[in-house]
Amino acid sequence: MAKRNNRTGGNQRGGAGSGKQARAATSEAELLKKAEQLEAAEPEPAAVTGPDGETAVEPVKEEEVTGPVTVDRLRRAIAQVETARKRADTRQAALDKKQAKLEDDVTELAENRSEHQRKEQDLRQREEALDADERRLAEERERLADLQQEARRGFAGYRREQLDLLQQELDDRRAEFEQRQRELEKEHADRHSQRERELLTSHAGLDEREAALNRRELEQKRLERRLVAREEHLDQEVDDRTRERIAGLQTELELARQDAAGHRQQLEAMRNLAQRRAGELARYEAAEAELNGMGLQEAAAKLQRLQEDNRELRTSLAANPLQDRERVADLEARHHDLMIERDELLQQNAELRRHTTATMISATERENARMINQALQRQNEVLTTEIDQQSARLKQMQDVLKDSSPFPACSAMDEDEGYQVAPVLDREPIRLRDLIARIRGRMAIDLGLYYSEADLRCFVAGLAASRLHLLQGISGIGKTRLPEAFAQIIGAGRETVAVAAEWRSPQDLLGYYNAFERKFYESEFTQSLYKAQLSLYRDKPFVVVLDEMNLSHPEQYFSDLLSAMERKESSPGERQFLPLMTAPVSPAPRLLHDGRALELPENVWFIGTANNDETTVRFADKTYDRSHVLELPPKPPRFEPGEVRPLVPVSYRALMDAFDAAEAADGGEADKVLAFLDDGLGERLRGDFGVSWGSRLERQARRFVPVAVAAGGPPGEAADHLLATKVLRKLIGRVEVAPGDLRELHDEITVLWSSAFPGTAPRKSLQVLEREIRSLGLG
């Protein structure tokens, strides 16, 4: 701009030139000032620095949970997350305004450049005018030379003097003109170099600001991802804690009931034991009454006196045998009676001793039982109070849950304003060849991921052919990253769901309803399908990645989805629903059909990754037939992407229109491929190998082949992929197939391919046959 001003000042002297120079300088100063204000006004995101140095959104403060988790805490946590999300949206809107302002400034700079070019054009025109003046001066010099000749012919005096004056004036003017021309050229060169330096500096500043904006945009996206992950983690953590607390309370309640029942049984046993001890004590007291208060020693002394009397009587009988025989017999009878009585007394004495000992033990036991009974009564009272409190808390929680939504996550999405804003998407027609090249380049530049152009063509063409994809290959080659990166580059929605080995039913994938809590436990998969129907994602492609899909049997947990996708393929215009419950619930999320079923969105693709090792299961044929299969290479070659412009977000309708346009333009290529499969190889495959295919393959081929061709691939490449993944795959693991027949089929495909698809080779198909031949020991 300084260059233009200086040049104007040199060529035009006076008010007009000074005014233009002032206006140009003011415009340049205003532009630089706006750029500086834009750079200074960039808002810094409200972030905190974590222990690892990473910046993140200010985390939601979690209160220490000392009792059961209440719904109020859950709502406060969700409110904090929503506030953080709104704050992020506000910052994103401010960033978009700054970006728009920067674009306006760039446009203004471009207009100034155009003005500068116009001024330079004007300067060149003035230089041309100066050249014309110089030519006129040359003509005047020639005229003066003629005058000189005329003066020589007759005007020697006065004419010579006049000519000398004119010649001197001409020489002065020529010298002045040449000096002025050199000054203008030097000034022009200085201003031109100065302007170039200023433009380079301005471009560098704009590039730096654009890079800063890109970095901040990436940082904003990373913060949004962390915010979403934090929100999901918080929801899951609160749900888990609530379930664990309720389960713990139920367990404690049951244990308390069992302990109370056991304490009641012990108390009843103690009462029975006390009654028996009381009866024994009564019998002991009755026996003491029969002895007239005689103790054990007195009874023994009496017995001893009786024995001495007996001996005296025997002595007396021996002294008076005749007189005392009757007395002896009488004494013997009395002795016999006394011995019987003694035995009875001894028996009663032993019994009384036992009763005395038992009574003493019983008294101790009764005292212990009384103390235990008192302790159990106090414990029972404490447990009863705790049970009442926990029952009241449980009832309170049930009352609160009765008023809350059975689908908390989906209902929270309905209330989140960020999900209700439909984005403005580019609906310009898509050139598939250009789309593949730009996606491949941006993956390498932005994410450091390298995929071959053929694999990306096959992946995109598979989106047109089927809603279910299977990405196979060894671990660690980027199977999961491919769909995630594709969705990120084109601005599509995406979610990744990790499949667990214990999944056996559709409830493991979709979630289940807990009638006790009146709550549906929404899985990540269910939330993804609901999110795809919201205004934010409804007009975008949406990718659901099922990571490690074959850790369990997909035909078991994925059966409802397979059935719904099959019905949707048969009737594309008909809506398909996934029943989540047998009866409707209220209040239900807005997009839940009939309060109990979830619609299968038309903008969703399911992409499963699969490792083939001892920890996984094999897919069934019906799963392979319904899906698009792609096996990624172990290590794709790296390449230099060059300069690739970022993509604007691609709409779902624009992508489908591109697929439809490809089918309309290149549908004849699909006819050639189907003719090759049916006429060229069909008879041999059906007759010799028993391999056949139905209308599903034809339907998929009529979408896959045209899109692959429109994306820049030859028809032979698409035919090779369909033959390998849809037809020859059926020969793998069949023991009744002879190795020689496989070798003949290998040779026959090689011969027929050169005439059907010249310039290409059936690389994937031949690899399938060669691997199967080697597995049979004939490699």
# chains A, B, ... in the order shown; residues from 1 in each chain; ligands from 1
$ select_by_dssp --residues "region 590-707 of chain A" --states "strand (DSSP E)" --output "list in words"
Ala597, Leu598, Glu599, Val604, Trp605, Phe606, Ile607, Gly608, Thr609, Ala610, His628, Val629, Leu630 and Glu631 of chain A
$ closest_residue --among "A:Ile340, A:Leu435, A:Ala461, A:Leu482" --to "Arg702 (chain A)" --atoms "only C-alpha atoms"
A:Ala461
$ select_by_dssp --residues "region 454-593 of chain A" --states "helix (DSSP H, G or I)" --output "ChimeraX atom specification"
/A:454-465,481-490,506-510,524-531,549-551,554-557,559-570
$ write_last_selection --atoms "C-alpha atoms" --output "mmCIF file, in the first residue's frame"
data_model
loop_
_atom_site.group_PDB
_atom_site.id
_atom_site.type_symbol
_atom_site.label_atom_id
_atom_site.label_comp_id
_atom_site.auth_asym_id
_atom_site.auth_seq_id
_atom_site.Cartn_x
_atom_site.Cartn_y
_atom_site.Cartn_z
ATOM 1 C CA ALA A 454 -8.337 -48.883 -3.253
ATOM 2 C CA ASP A 455 -9.275 -49.676 0.356
ATOM 3 C CA LEU A 456 -10.933 -46.270 0.813
ATOM 4 C CA ARG A 457 -12.831 -46.719 -2.464
ATOM 5 C CA CYS A 458 -14.001 -50.122 -1.302
ATOM 6 C CA PHE A 459 -15.042 -48.721 2.094
ATOM 7 C CA VAL A 460 -17.074 -45.832 0.624
ATOM 8 C CA ALA A 461 -18.656 -48.078 -2.027
ATOM 9 C CA GLY A 462 -19.595 -50.477 0.763
ATOM 10 C CA LEU A 463 -21.567 -47.664 2.425
ATOM 11 C CA ALA A 464 -23.789 -47.637 -0.643
ATOM 12 C CA ALA A 465 -24.162 -51.430 -0.704
ATOM 13 C CA ARG A 481 -9.614 -45.991 13.403
ATOM 14 C CA LEU A 482 -10.738 -46.203 9.747
ATOM 15 C CA PRO A 483 -14.491 -45.575 10.339
ATOM 16 C CA GLU A 484 -13.757 -43.151 13.182
ATOM 17 C CA ALA A 485 -11.338 -41.125 11.048
ATOM 18 C CA PHE A 486 -13.693 -41.221 8.041
ATOM 19 C CA ALA A 487 -16.529 -39.810 10.153
ATOM 20 C CA GLN A 488 -14.263 -37.162 11.657
ATOM 21 C CA ILE A 489 -12.960 -35.962 8.280
ATOM 22 C CA ILE A 490 -16.416 -35.614 6.653
ATOM 23 C CA PRO A 506 -30.312 -58.357 22.427
ATOM 24 C CA GLN A 507 -30.725 -56.892 25.925
ATOM 25 C CA ASP A 508 -26.943 -56.938 26.308
ATOM 26 C CA LEU A 509 -26.708 -54.659 23.280
ATOM 27 C CA LEU A 510 -29.823 -52.510 23.692
ATOM 28 C CA GLU A 524 -24.160 -46.915 24.700
ATOM 29 C CA PHE A 525 -25.631 -48.508 21.583
ATOM 30 C CA THR A 526 -29.186 -47.380 22.392
ATOM 31 C CA GLN A 527 -27.992 -43.858 23.185
ATOM 32 C CA SER A 528 -26.134 -43.786 19.845
ATOM 33 C CA LEU A 529 -29.261 -44.718 17.864
ATOM 34 C CA TYR A 530 -31.283 -42.095 19.732
ATOM 35 C CA LYS A 531 -28.596 -39.440 19.241
ATOM 36 C CA MET A 549 -17.725 -57.596 17.231
ATOM 37 C CA ASN A 550 -16.939 -61.327 17.167
ATOM 38 C CA LEU A 551 -15.887 -61.665 20.819
ATOM 39 C CA PRO A 554 -23.351 -61.585 16.696
ATOM 40 C CA GLU A 555 -26.236 -63.812 15.600
ATOM 41 C CA GLN A 556 -27.381 -63.845 19.243
ATOM 42 C CA TYR A 557 -27.006 -60.298 20.589
ATOM 43 C CA SER A 559 -30.399 -60.690 16.002
ATOM 44 C CA ASP A 560 -32.989 -57.902 16.377
ATOM 45 C CA LEU A 561 -30.792 -55.507 14.387
ATOM 46 C CA LEU A 562 -30.177 -58.062 11.629
ATOM 47 C CA SER A 563 -33.910 -58.673 11.313
ATOM 48 C CA ALA A 564 -34.739 -54.943 11.250
ATOM 49 C CA MET A 565 -32.051 -54.206 8.631
ATOM 50 C CA GLU A 566 -33.321 -57.069 6.480
ATOM 51 C CA ARG A 567 -36.861 -55.648 6.586
ATOM 52 C CA LYS A 568 -35.563 -52.175 5.770
ATOM 53 C CA GLU A 569 -33.653 -53.480 2.726
ATOM 54 C CA SER A 570 -36.791 -55.236 1.481
#
$ residues_around --residues "Ser692 (chain A)" --least-positions-apart "4" --cutoff "10 Å" --atoms "only C-alpha atoms" --output "count of residues only"
9
$ atom_distance --atom1 "CA of Gly712 (chain A)" --atom2 "CA of Leu425 (chain A)"
25.2 Å
$ atom_distance --atom1 "CA of Thr609 (chain A)" --atom2 "CA of Thr760 (chain A)"
28.6 Å
$ closest_residue --among "A:Gln304, A:Ser535, A:Thr356, A:Ser523" --to "Asp414 (chain A)" --atoms "only C-alpha atoms"
A:Ser535
$ closest_residue --among "A:Glu602, A:Asp89, A:Glu522, A:Glu502" --to "Lys540 (chain A)" --atoms "only C-alpha atoms"
A:Glu602
$ closest_residue --among "A:Lys119, A:Tyr624, A:Lys395, A:Ser411" --to "Ser466 (chain A)" --atoms "only C-alpha atoms"
A:Tyr624
$ atom_distance --atom1 "CA of Val691 (chain A)" --atom2 "CA of Leu766 (chain A)"
16.8 Å
$ residues_around --residues "Leu731 (chain A)" --least-positions-apart "5" --cutoff "12 Å" --atoms "only C-alpha atoms" --output "PyMOL selection string"
chain A and resi 621+685-686+688-692+723-726+736-739+741-742+745+765+768-773
$ write_last_selection --atoms "C-alpha atoms" --output "compact mmCIF listing (two decimals), in the first residue's frame"
# COMPACT_ATOMS: atom_id res chain seq x y z
CA ASP A 621 -23.05 -67.20 6.67
CA LEU A 685 -19.48 -72.88 -9.06
CA ARG A 686 -23.03 -74.19 -8.73
CA ASP A 688 -18.97 -78.54 -9.08
CA PHE A 689 -18.87 -76.75 -5.72
CA GLY A 690 -22.51 -76.25 -4.77
CA VAL A 691 -21.97 -72.51 -4.30
CA SER A 692 -24.95 -70.28 -5.09
CA LEU A 723 -16.08 -62.54 -6.03
CA ALA A 724 -13.64 -62.94 -3.12
CA THR A 725 -15.91 -61.84 -0.24
CA LYS A 726 -19.34 -62.97 -1.44
CA GLU A 736 -15.58 -82.18 0.65
CA VAL A 737 -13.87 -79.87 -1.87
CA ALA A 738 -10.90 -81.53 -3.57
CA PRO A 739 -7.65 -79.52 -3.75
CA ASP A 741 -10.74 -78.70 -8.13
CA LEU A 742 -9.58 -75.55 -6.35
CA LEU A 745 -10.88 -73.06 -10.49
CA SER A 765 -9.94 -63.88 -5.35
CA VAL A 768 -8.57 -66.73 -1.16
CA LEU A 769 -8.08 -69.83 -3.30
CA GLU A 770 -4.33 -70.00 -2.65
CA ARG A 771 -4.80 -69.77 1.14
CA GLU A 772 -7.38 -72.55 1.01
CA ILE A 773 -5.09 -74.73 -1.14
$ residues_around --residues "Pro633 (chain A)" --least-positions-apart "3" --cutoff "8 Å" --atoms "only C-alpha atoms" --output "number ranges by chain"
A: 473, 477, 636
$ decode --residues "region 553-568 of chain A" --atoms "C-alpha atoms" --output "short mmCIF file (atom, residue, chain, number, x, y, z; two decimals), in the first residue's frame"
data_model
loop_
_atom_site.label_atom_id
_atom_site.label_comp_id
_atom_site.auth_asym_id
_atom_site.auth_seq_id
_atom_site.Cartn_x
_atom_site.Cartn_y
_atom_site.Cartn_z
CA HIS A 553 -21.92 -64.51 18.71
CA PRO A 554 -23.35 -61.58 16.70
CA GLU A 555 -26.24 -63.81 15.60
CA GLN A 556 -27.38 -63.84 19.24
CA TYR A 557 -27.01 -60.30 20.59
CA PHE A 558 -27.38 -58.65 17.14
CA SER A 559 -30.40 -60.69 16.00
CA ASP A 560 -32.99 -57.90 16.38
CA LEU A 561 -30.79 -55.51 14.39
CA LEU A 562 -30.18 -58.06 11.63
CA SER A 563 -33.91 -58.67 11.31
CA ALA A 564 -34.74 -54.94 11.25
CA MET A 565 -32.05 -54.21 8.63
CA GLU A 566 -33.32 -57.07 6.48
CA ARG A 567 -36.86 -55.65 6.59
CA LYS A 568 -35.56 -52.17 5.77
#
